[in-house]
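First up is the structure itself, then whatever we jot down about it.
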Amino acid sequence: MKNILEAPSLIEMVRTITNMYAHGWDERNGGNISVLLDEAKVSEYVDVNAVIRDIPTGFEAPSLEGKYFLVTGAGKYFKNVRYDPACNLGLVRLAGGGRTAQLLWGFTGGDRFTSEFPAHMMSHAARLSVDPASRVVMHCHPANLLAMTYVHDLDERAFTRTLWRMCTECVVVFPDGVNVLPWMLCGTNKIGEATAERIKTARLVVWAQHGIYGAGRDLDETFGLIETAEKAAEIYMKTAHLPRINTITDDQMRRLAEHFKVTPREGFLENKSSSAV
Ligand code: 13P
Ligand code: ZN
């Protein structure tokens, strides 16, 4: 067996978590990540028949049966992960239709996966149904996106259009836009189901007054999505109280989309030749 601490996916997970903390997105135990791993890769590092313990999940996810996830632990501080990955992270395989997570490595302090495991697993199932290459679900608490949910209309089209107009490349990076959930109790199956439903049509889902979920094909893509939306929210929060003299028009966004070969979310841009803000 190879040393799992040298596995590229574990190293990348730890680096990403450390970077998220450095960005100020994950105060205390804020935030969580789960990454879907291939069985062939996993079996190079752990004995997939040696289950350490079974952890009940409290939900069903039949489409994820037998799938392997590297996931952050409940109550774990992102700033500490790099010093003790085995305590702060766990590698689990879903069994029993998703009702059980079989621990194969990690959570050495006897802990369990993030309290947001339902939102993570249900979001993986939802994203895989629309993009079989999807691998990552990431949650964190970036300050400007959060601040924006206190002062901006939570309508998904309006929220997306504001972000798109804050930096030229936003419409290129997240043409699918941003979906938004109203405040809900976190750590529940209910918010998990709601997140999964919204993450089907956009890889970013804002949790009002809480944070954001991102989904992508790898850690870099997912981090980059959140990073770009958070930068846009920062520009918004820096300018929202000032007179708006210039803007990015819908025609300009359409030209960007054409040039970079992306398709902005249907109906989110105004009709041609309109410069509505
Ligand atoms: P966990 O420590 O359980 O991952 O919770 C952090 C969080 O951000 C809850 O939404
Ligand atoms: Zn949170």
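Residues are referred to by chain and number: the chain letter is A, B, ... according to the order shown in the structure tokens, the number counts from 1 in that chain, and ligands are numbered separately from 1 in the order shown.
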Neighbours of A:Gly211 within 9 Å (only C-alpha atoms; same-chain residues fewer than 6 positions away dropped), as a PyMOL selection string? chain A and resi 25+31+139-143+145-146+205
Would you list, as a PyMOL selection string, the residues of stretch 46-189 of chain A that end up in alpha helix (DSSP H) under DSSP run on this structure's backbone? chain A and resi 85-88+117-130+143-151+156-166+170-173+189
Give one line per residue of chain A that approaches ligand 1 to at most 9 Å, naming the two atoms of the closest pair and their distance in Å to one decimal, counting only C-alpha atoms and all ligand atoms; sort by chain then ascending residue number and deliver it as JSON lines.
```
{"residue": "A:Asp26", "atom": "CA", "partner": "ligand 1", "partner_atom_place_in_ligand_line": "8 (O)", "distance": 7.6}
{"residue": "A:Glu27", "atom": "CA", "partner": "ligand 1", "partner_atom_place_in_ligand_line": "8 (O)", "distance": 8.8}
{"residue": "A:Arg28", "atom": "CA", "partner": "ligand 1", "partner_atom_place_in_ligand_line": "2 (O)", "distance": 8.4}
{"residue": "A:Asn29", "atom": "CA", "partner": "ligand 1", "partner_atom_place_in_ligand_line": "2 (O)", "distance": 4.7}
{"residue": "A:Gly30", "atom": "CA", "partner": "ligand 1", "partner_atom_place_in_ligand_line": "8 (O)", "distance": 3.8}
{"residue": "A:Gly31", "atom": "CA", "partner": "ligand 1", "partner_atom_place_in_ligand_line": "8 (O)", "distance": 3.8}
{"residue": "A:Asn32", "atom": "CA", "partner": "ligand 1", "partner_atom_place_in_ligand_line": "4 (O)", "distance": 4.7}
{"residue": "A:Ile33", "atom": "CA", "partner": "ligand 1", "partner_atom_place_in_ligand_line": "4 (O)", "distance": 8.0}
{"residue": "A:Thr72", "atom": "CA", "partner": "ligand 1", "partner_atom_place_in_ligand_line": "4 (O)", "distance": 6.6}
{"residue": "A:Gly73", "atom": "CA", "partner": "ligand 1", "partner_atom_place_in_ligand_line": "4 (O)", "distance": 6.0}
{"residue": "A:Ala74", "atom": "CA", "partner": "ligand 1", "partner_atom_place_in_ligand_line": "3 (O)", "distance": 3.5}
{"residue": "A:Gly75", "atom": "CA", "partner": "ligand 1", "partner_atom_place_in_ligand_line": "2 (O)", "distance": 3.4}
{"residue": "A:Lys76", "atom": "CA", "partner": "ligand 1", "partner_atom_place_in_ligand_line": "2 (O)", "distance": 5.3}
{"residue": "A:Tyr77", "atom": "CA", "partner": "ligand 1", "partner_atom_place_in_ligand_line": "2 (O)", "distance": 7.3}
{"residue": "A:Arg112", "atom": "CA", "partner": "ligand 1", "partner_atom_place_in_ligand_line": "3 (O)", "distance": 8.9}
{"residue": "A:Phe113", "atom": "CA", "partner": "ligand 1", "partner_atom_place_in_ligand_line": "3 (O)", "distance": 7.2}
{"residue": "A:Thr114", "atom": "CA", "partner": "ligand 1", "partner_atom_place_in_ligand_line": "3 (O)", "distance": 3.9}
{"residue": "A:Ser115", "atom": "CA", "partner": "ligand 1", "partner_atom_place_in_ligand_line": "3 (O)", "distance": 3.6}
{"residue": "A:Glu116", "atom": "CA", "partner": "ligand 1", "partner_atom_place_in_ligand_line": "3 (O)", "distance": 5.8}
{"residue": "A:Phe117", "atom": "CA", "partner": "ligand 1", "partner_atom_place_in_ligand_line": "4 (O)", "distance": 8.0}
{"residue": "A:His139", "atom": "CA", "partner": "ligand 1", "partner_atom_place_in_ligand_line": "8 (O)", "distance": 6.8}
{"residue": "A:Cys140", "atom": "CA", "partner": "ligand 1", "partner_atom_place_in_ligand_line": "8 (O)", "distance": 6.1}
{"residue": "A:His141", "atom": "CA", "partner": "ligand 1", "partner_atom_place_in_ligand_line": "8 (O)", "distance": 7.1}
{"residue": "A:Cys186", "atom": "CA", "partner": "ligand 1", "partner_atom_place_in_ligand_line": "10 (O)", "distance": 5.7}
{"residue": "A:Gly187", "atom": "CA", "partner": "ligand 1", "partner_atom_place_in_ligand_line": "10 (O)", "distance": 6.2}
{"residue": "A:His210", "atom": "CA", "partner": "ligand 1", "partner_atom_place_in_ligand_line": "10 (O)", "distance": 7.4}
{"residue": "A:Gly211", "atom": "CA", "partner": "ligand 1", "partner_atom_place_in_ligand_line": "10 (O)", "distance": 7.9}
```
Stretch 221-233 of chain A surroundings by only C-alpha atoms, 8 Å radius, close-in-sequence under 3 positions cut, as JSON, numbers by chain: {"A": [16, 136, 137, 138, 142, 143, 144, 145, 148, 163, 164, 166, 167, 170, 173, 174, 204, 212, 214, 215, 216, 217, 218, 236, 237]}
Selected residue of minimal separation from A:Asp155 among A:Val206, A:Met20, A:Ile199, A:Met184, counting only C-alpha atoms: A:Val206
Return the single residue from A:Pro8, A:Arg82, A:Leu36, A:Gly58 that is closest to A:Tyr21, with distances computed using only C-alpha atoms.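 Closest to A:Tyr21, using only C-alpha atoms: A:Arg82.
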Where does stretch 20-39 of chain A meet stretch 44-57 of chain A within 12 Å, residue by residue, with the nearest atom pair and distance in Å to one decimal for each, counting only C-alpha atoms, listed by chain and rising number, as JSON lines?
```
{"residue": "A:Leu37", "atom": "CA", "partner": "A:Glu44", "partner_atom": "CA", "distance": 11.8}
{"residue": "A:Asp38", "atom": "CA", "partner": "A:Glu44", "partner_atom": "CA", "distance": 10.5}
{"residue": "A:Glu39", "atom": "CA", "partner": "A:Val48", "partner_atom": "CA", "distance": 8.4}
```
Would you return as a list of chain:residue names the members of stretch 1-112 of chain A that DSSP assigns to strand (DSSP E) on this structure's backbone?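 Taking stretch 1-112 of chain A and keeping strand (DSSP E) only, one gets A:Asn32, A:Ile33, A:Ser34, A:Val35, A:Leu36, A:Leu37, A:Arg53, A:Asp54, A:Ile55, A:Pro56, A:Tyr68, A:Phe69, A:Leu70, A:Val71, A:Thr72, A:Leu89, A:Gly90, A:Leu91, A:Val92, A:Arg93, A:Leu94, A:Ala95, A:Thr100, A:Ala101, A:Gln102, A:Leu103, A:Leu104, A:Trp105, A:Gly106.
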